[in-house]
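What follows is model24.tsv (TSV, C-alpha atoms).
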chain	number	residue	atom	x	y	z
A	1	MET	CA	24.54	22.91	-32.21
A	2	LYS	CA	20.94	23.91	-32.67
A	3	LYS	CA	18.82	26.99	-32.01
A	4	CYS	CA	15.71	26.64	-29.85
A	5	VAL	CA	12.63	28.18	-31.46
A	6	LEU	CA	11.14	29.17	-28.07
A	7	CYS	CA	13.99	30.72	-26.11
A	8	GLY	CA	16.20	31.58	-29.13
A	9	GLU	CA	19.38	30.20	-27.54
A	10	THR	CA	21.82	28.05	-29.47
A	11	LYS	CA	22.60	24.87	-27.55
A	12	GLU	CA	24.26	21.50	-28.04
A	13	LEU	CA	22.14	18.61	-29.29
A	14	ILE	CA	22.10	16.92	-25.85
A	15	PHE	CA	19.72	19.72	-24.74
A	16	PHE	CA	17.10	18.64	-27.32
A	17	TYR	CA	14.77	15.64	-27.24
A	18	LYS	CA	14.99	13.21	-30.16
A	19	ARG	CA	12.27	13.22	-32.80
A	20	LYS	CA	12.26	10.69	-35.67
A	21	ASP	CA	10.18	12.70	-38.14
A	22	SER	CA	12.41	15.79	-37.85
A	23	LEU	CA	15.07	16.42	-40.52
A	24	ASP	CA	17.97	16.39	-38.06
A	25	GLY	CA	16.32	13.87	-35.68
A	26	TYR	CA	15.72	16.36	-32.83
A	27	ARG	CA	12.85	18.58	-31.66
A	28	ASN	CA	12.96	22.32	-32.44
A	29	ASP	CA	12.50	23.35	-28.78
A	30	CYS	CA	15.10	22.60	-26.09
A	31	LYS	CA	14.43	20.34	-23.11
A	32	PRO	CA	13.91	23.14	-20.52
A	33	CYS	CA	11.45	24.95	-22.84
A	34	ARG	CA	9.63	21.67	-23.65
A	35	ILE	CA	9.30	20.89	-19.92
A	36	ALA	CA	8.00	24.39	-19.18
A	37	VAL	CA	5.40	24.21	-21.97
A	38	SER	CA	4.28	20.71	-20.92
A	39	HIS	CA	3.97	21.82	-17.30
A	40	LYS	CA	1.96	24.90	-18.29
A	41	ASN	CA	-0.37	22.83	-20.49
A	42	TYR	CA	-0.87	20.32	-17.69
A	43	THR	CA	-1.63	22.91	-15.00
A	44	ASP	CA	-3.86	25.00	-17.29
A	45	LYS	CA	-6.01	22.02	-18.25
A	46	ILE	CA	-5.90	20.02	-15.02
A	47	GLU	CA	-9.54	20.65	-14.10
A	48	ASP	CA	-10.67	19.63	-17.57
A	49	LYS	CA	-8.61	16.44	-17.34
A	50	ARG	CA	-10.00	15.62	-13.91
A	51	ALA	CA	-13.55	16.18	-15.14
A	52	TRP	CA	-12.86	13.97	-18.16
A	53	HIS	CA	-11.49	11.18	-15.93
A	54	ARG	CA	-14.43	11.48	-13.52
A	55	GLU	CA	-16.91	11.24	-16.41
A	56	ARG	CA	-15.06	8.30	-17.95
A	57	HIS	CA	-15.03	6.51	-14.59
A	58	ARG	CA	-18.75	7.21	-14.03
A	59	GLN	CA	-19.54	5.88	-17.50
A	60	LYS	CA	-17.47	2.75	-16.89
A	61	ILE	CA	-19.33	2.01	-13.63
A	62	GLU	CA	-22.68	2.79	-15.27
A	63	ASP	CA	-21.96	0.39	-18.15
A	64	ASN	CA	-20.69	-2.38	-15.87
A	65	PRO	CA	-21.74	-2.06	-12.17
A	66	ASP	CA	-19.58	-4.97	-10.99
A	67	TRP	CA	-16.46	-3.62	-12.70
A	68	TYR	CA	-14.65	-3.04	-9.38
A	69	ALA	CA	-15.17	-6.63	-8.18
A	70	LYS	CA	-13.97	-8.12	-11.48
A	71	HIS	CA	-11.00	-5.76	-11.70
A	72	TYR	CA	-9.94	-6.49	-8.11
A	73	ALA	CA	-10.32	-10.26	-8.58
A	74	ALA	CA	-8.25	-10.18	-11.78
A	75	ASN	CA	-5.47	-8.10	-10.17
A	76	GLN	CA	-5.50	-9.26	-6.55
A	77	ASP	CA	-1.72	-9.86	-6.36
A	78	LYS	CA	-1.02	-6.40	-7.76
A	79	PHE	CA	-3.36	-4.75	-5.23
A	80	SER	CA	-1.86	-6.74	-2.34
A	81	LYS	CA	1.63	-5.51	-3.28
A	82	GLN	CA	0.37	-1.93	-3.62
A	83	ASN	CA	-1.31	-2.10	-0.21
A	84	ALA	CA	1.86	-3.49	1.35
A	85	GLU	CA	3.91	-0.69	-0.22
A	86	TYR	CA	1.36	1.88	0.98
A	87	TYR	CA	1.66	0.67	4.57
A	88	ARG	CA	5.45	0.62	4.32
A	89	THR	CA	6.10	4.07	2.91
A	90	ARG	CA	3.40	6.24	1.44
A	91	TYR	CA	1.63	8.60	3.82
A	92	ARG	CA	2.97	6.57	6.76
A	93	ASP	CA	3.34	9.55	9.11
A	94	ARG	CA	-0.06	10.96	8.17
A	95	ARG	CA	-1.70	7.54	8.60
A	96	LEU	CA	-0.10	7.01	12.01
A	97	ALA	CA	-1.13	10.50	13.11
A	98	THR	CA	-4.71	9.79	11.99
A	99	VAL	CA	-4.79	6.53	13.91
A	100	LYS	CA	-3.34	8.17	17.02
A	101	LYS	CA	-5.90	10.97	16.83
A	102	TRP	CA	-8.78	8.49	16.39
A	103	VAL	CA	-7.59	6.43	19.37
A	104	SER	CA	-7.36	9.54	21.58
A	105	GLU	CA	-10.82	10.73	20.51
A	106	ASN	CA	-12.39	7.25	20.77
A	107	ARG	CA	-10.64	5.81	23.80
A	108	GLY	CA	-13.64	3.65	24.76
A	109	LYS	CA	-13.99	2.05	21.33
A	110	SER	CA	-10.24	1.52	21.10
A	111	ASN	CA	-10.12	-0.19	24.51
A	112	ALA	CA	-13.13	-2.34	23.58
A	113	ILE	CA	-11.44	-3.48	20.35
A	114	LYS	CA	-8.21	-4.34	22.17
A	115	LYS	CA	-10.09	-6.19	24.91
A	116	ALA	CA	-12.19	-8.14	22.40
A	117	TYR	CA	-9.02	-9.26	20.63
A	118	LYS	CA	-7.39	-10.25	23.92
A	119	ILE	CA	-10.45	-12.28	24.92
A	120	ALA	CA	-10.59	-13.91	21.47
A	121	LYS	CA	-6.92	-14.85	21.79
A	122	THR	CA	-7.52	-16.29	25.27
A	123	ARG	CA	-10.51	-18.31	24.07
A	124	ALA	CA	-8.54	-19.48	21.04
A	125	CYS	CA	-5.82	-20.90	23.31
A	126	PRO	CA	-6.96	-24.49	24.03
A	127	PRO	CA	-6.58	-25.89	27.57
A	128	TRP	CA	-4.73	-28.99	26.34
A	129	LEU	CA	-1.58	-26.99	25.36
A	130	SER	CA	1.49	-28.22	27.21
A	131	GLU	CA	4.27	-26.14	28.78
A	132	GLU	CA	6.36	-26.77	25.65
A	133	HIS	CA	3.60	-25.33	23.48
A	134	HIS	CA	3.39	-22.20	25.64
A	135	TRP	CA	7.18	-21.89	25.49
A	136	MET	CA	7.07	-22.14	21.66
A	137	ILE	CA	4.43	-19.38	21.52
A	138	GLN	CA	6.59	-17.16	23.71
A	139	GLU	CA	9.65	-17.87	21.53
A	140	THR	CA	7.69	-16.85	18.43
A	141	TYR	CA	6.92	-13.45	19.96
A	142	GLU	CA	10.54	-13.05	21.06
A	143	LEU	CA	11.68	-13.87	17.51
A	144	ALA	CA	9.43	-11.09	16.17
A	145	THR	CA	10.95	-8.63	18.66
A	146	LEU	CA	14.48	-9.72	17.75
A	147	ARG	CA	13.84	-9.39	14.00
A	148	THR	CA	12.39	-5.91	14.53
A	149	LYS	CA	15.60	-4.84	16.31
A	150	VAL	CA	17.92	-6.46	13.76
A	151	PHE	CA	16.20	-5.40	10.54
A	152	GLY	CA	15.00	-1.96	11.69
A	153	PHE	CA	11.36	-2.38	10.64
A	154	ALA	CA	8.38	-4.00	12.33
A	155	TRP	CA	7.87	-7.76	12.33
A	156	HIS	CA	4.56	-9.21	13.57
A	157	VAL	CA	3.40	-12.58	14.82
A	158	ASP	CA	0.67	-13.58	12.40
A	159	HIS	CA	-2.02	-16.21	12.80
A	160	GLU	CA	-2.11	-18.08	9.49
A	161	VAL	CA	-5.74	-18.95	10.18
A	162	PRO	CA	-7.11	-15.72	11.78
A	163	LEU	CA	-8.53	-15.82	15.29
A	164	ARG	CA	-11.55	-13.80	14.20
A	165	GLY	CA	-11.84	-14.56	10.49
A	166	LYS	CA	-14.99	-13.97	8.49
A	167	ASN	CA	-15.43	-17.58	7.35
A	168	VAL	CA	-13.00	-19.50	9.55
A	169	SER	CA	-11.41	-19.00	12.97
A	170	GLY	CA	-8.14	-20.56	14.07
A	171	LEU	CA	-6.49	-21.33	17.39
A	172	HIS	CA	-3.70	-19.55	19.24
A	173	VAL	CA	-1.31	-22.49	18.97
A	174	PRO	CA	2.37	-22.67	17.85
A	175	TRP	CA	1.61	-24.30	14.47
A	176	ASN	CA	-0.78	-21.47	13.57
A	177	LEU	CA	1.82	-18.75	14.23
A	178	ARG	CA	4.44	-17.31	11.92
A	179	VAL	CA	6.71	-14.26	12.03
A	180	ILE	CA	6.26	-12.00	8.99
A	181	PRO	CA	7.01	-8.35	8.17
A	182	GLY	CA	4.45	-6.02	9.73
A	183	VAL	CA	3.63	-4.52	6.33
A	184	GLU	CA	2.60	-7.92	4.99
A	185	ASN	CA	0.55	-8.62	8.12
A	186	MET	CA	-1.23	-5.26	7.93
A	187	SER	CA	-2.11	-5.74	4.25
A	188	LYS	CA	-3.37	-9.28	4.97
A	189	SER	CA	-5.55	-8.08	7.86
A	190	ASN	CA	-7.69	-10.98	9.13
A	191	LYS	CA	-8.15	-12.66	5.76
A	192	PHE	CA	-7.46	-16.36	5.40
A	193	ALA	CA	-5.45	-17.29	2.31
A	194	SER	CA	-5.85	-21.03	1.77
Encoded form using structure tokens:
Amino acid sequence: MKKCVLCGETKELIFFYKRKDSLDGYRNDCKPCRIAVSHKNYTDKIEDKRAWHRERHRQKIEDNPDWYAKHYAANQDKFSKQNAEYYRTRYRDRRLATVKKWVSENRGKSNAIKKAYKIAKTRACPPWLSEEHHWMIQETYELATLRTKVFGFAWHVDHEVPLRGKNVSGLHVPWNLRVIPGVENMSKSNKFAS
């Protein structure tokens, strides 16, 4: 049993955080009091902390202008995983609502983007494809639909070599298609990973 110096209550030791440099090995304030004090300190000084972080970030960019590019290149796998997680969970409803609002306000642009993709896909489908090739493409899309129903989250048909990539453009052929989770496809966008 120990008495808390903040609230004055006597409580069991499980209600106190451990502290090595203390005589009995525990803090003098109980866990609820410690949490309340920490929360108050955080909220009272939050603007100062934000200003400090902003200044530190500004100084870092000023000292090394290409810091972002180097940091992203060094941690590309980490950022890819974070982006995938973002698309899967965080702010999903808000993001979808934003997209829906943009599409309704920019119907012409949205239709143009969809049509451009459809035309690119049509042009990327070579005339020498056989009936078997077309059947395989159709089966790939059906597999994506089936996996979406079975697993309960979206699966997309992805072009390994994007149809409208920045440096390289692929074809809409069976050997360029794969079925992957929608989150992974959205985080990949139209980048080509060799």
What lies within 8 Å of A:Pro181 using all atoms listed in the file, ignoring chain neighbours under 6 positions off, as a list in words? Phe153, Ala154, Trp155 and His156 of chain A
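Proximity of A:Lys81, A:His159, A:Lys100, A:Lys109 to A:Ser187, computed with all atoms listed in the file, is greatest for A:Lys81.
If you look at atom CA of A:Val5 and atom CA of A:Tyr17, they are 13.4 Å away from each other.
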Please provide as a count of residues only all residues within 10 Å of stretch 125-138 of chain A, with the sequence filter that same-chain residues fewer than 2 positions apart are discarded (counting only C-alpha atoms). 20
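With atom CA of A:Pro32 on one side and atom CA of A:Glu12 on the other, the separation reads 12.9 Å.
The space separating atom CA of A:Tyr87 from atom CA of A:Met186 comes to 7.4 Å.
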Within 12 Å of stretch 35-45 of chain A using only C-alpha atoms, minus same-chain residues under 6 positions, as a PyMOL selection string: chain A and resi 6-7+15-17+29+51-52
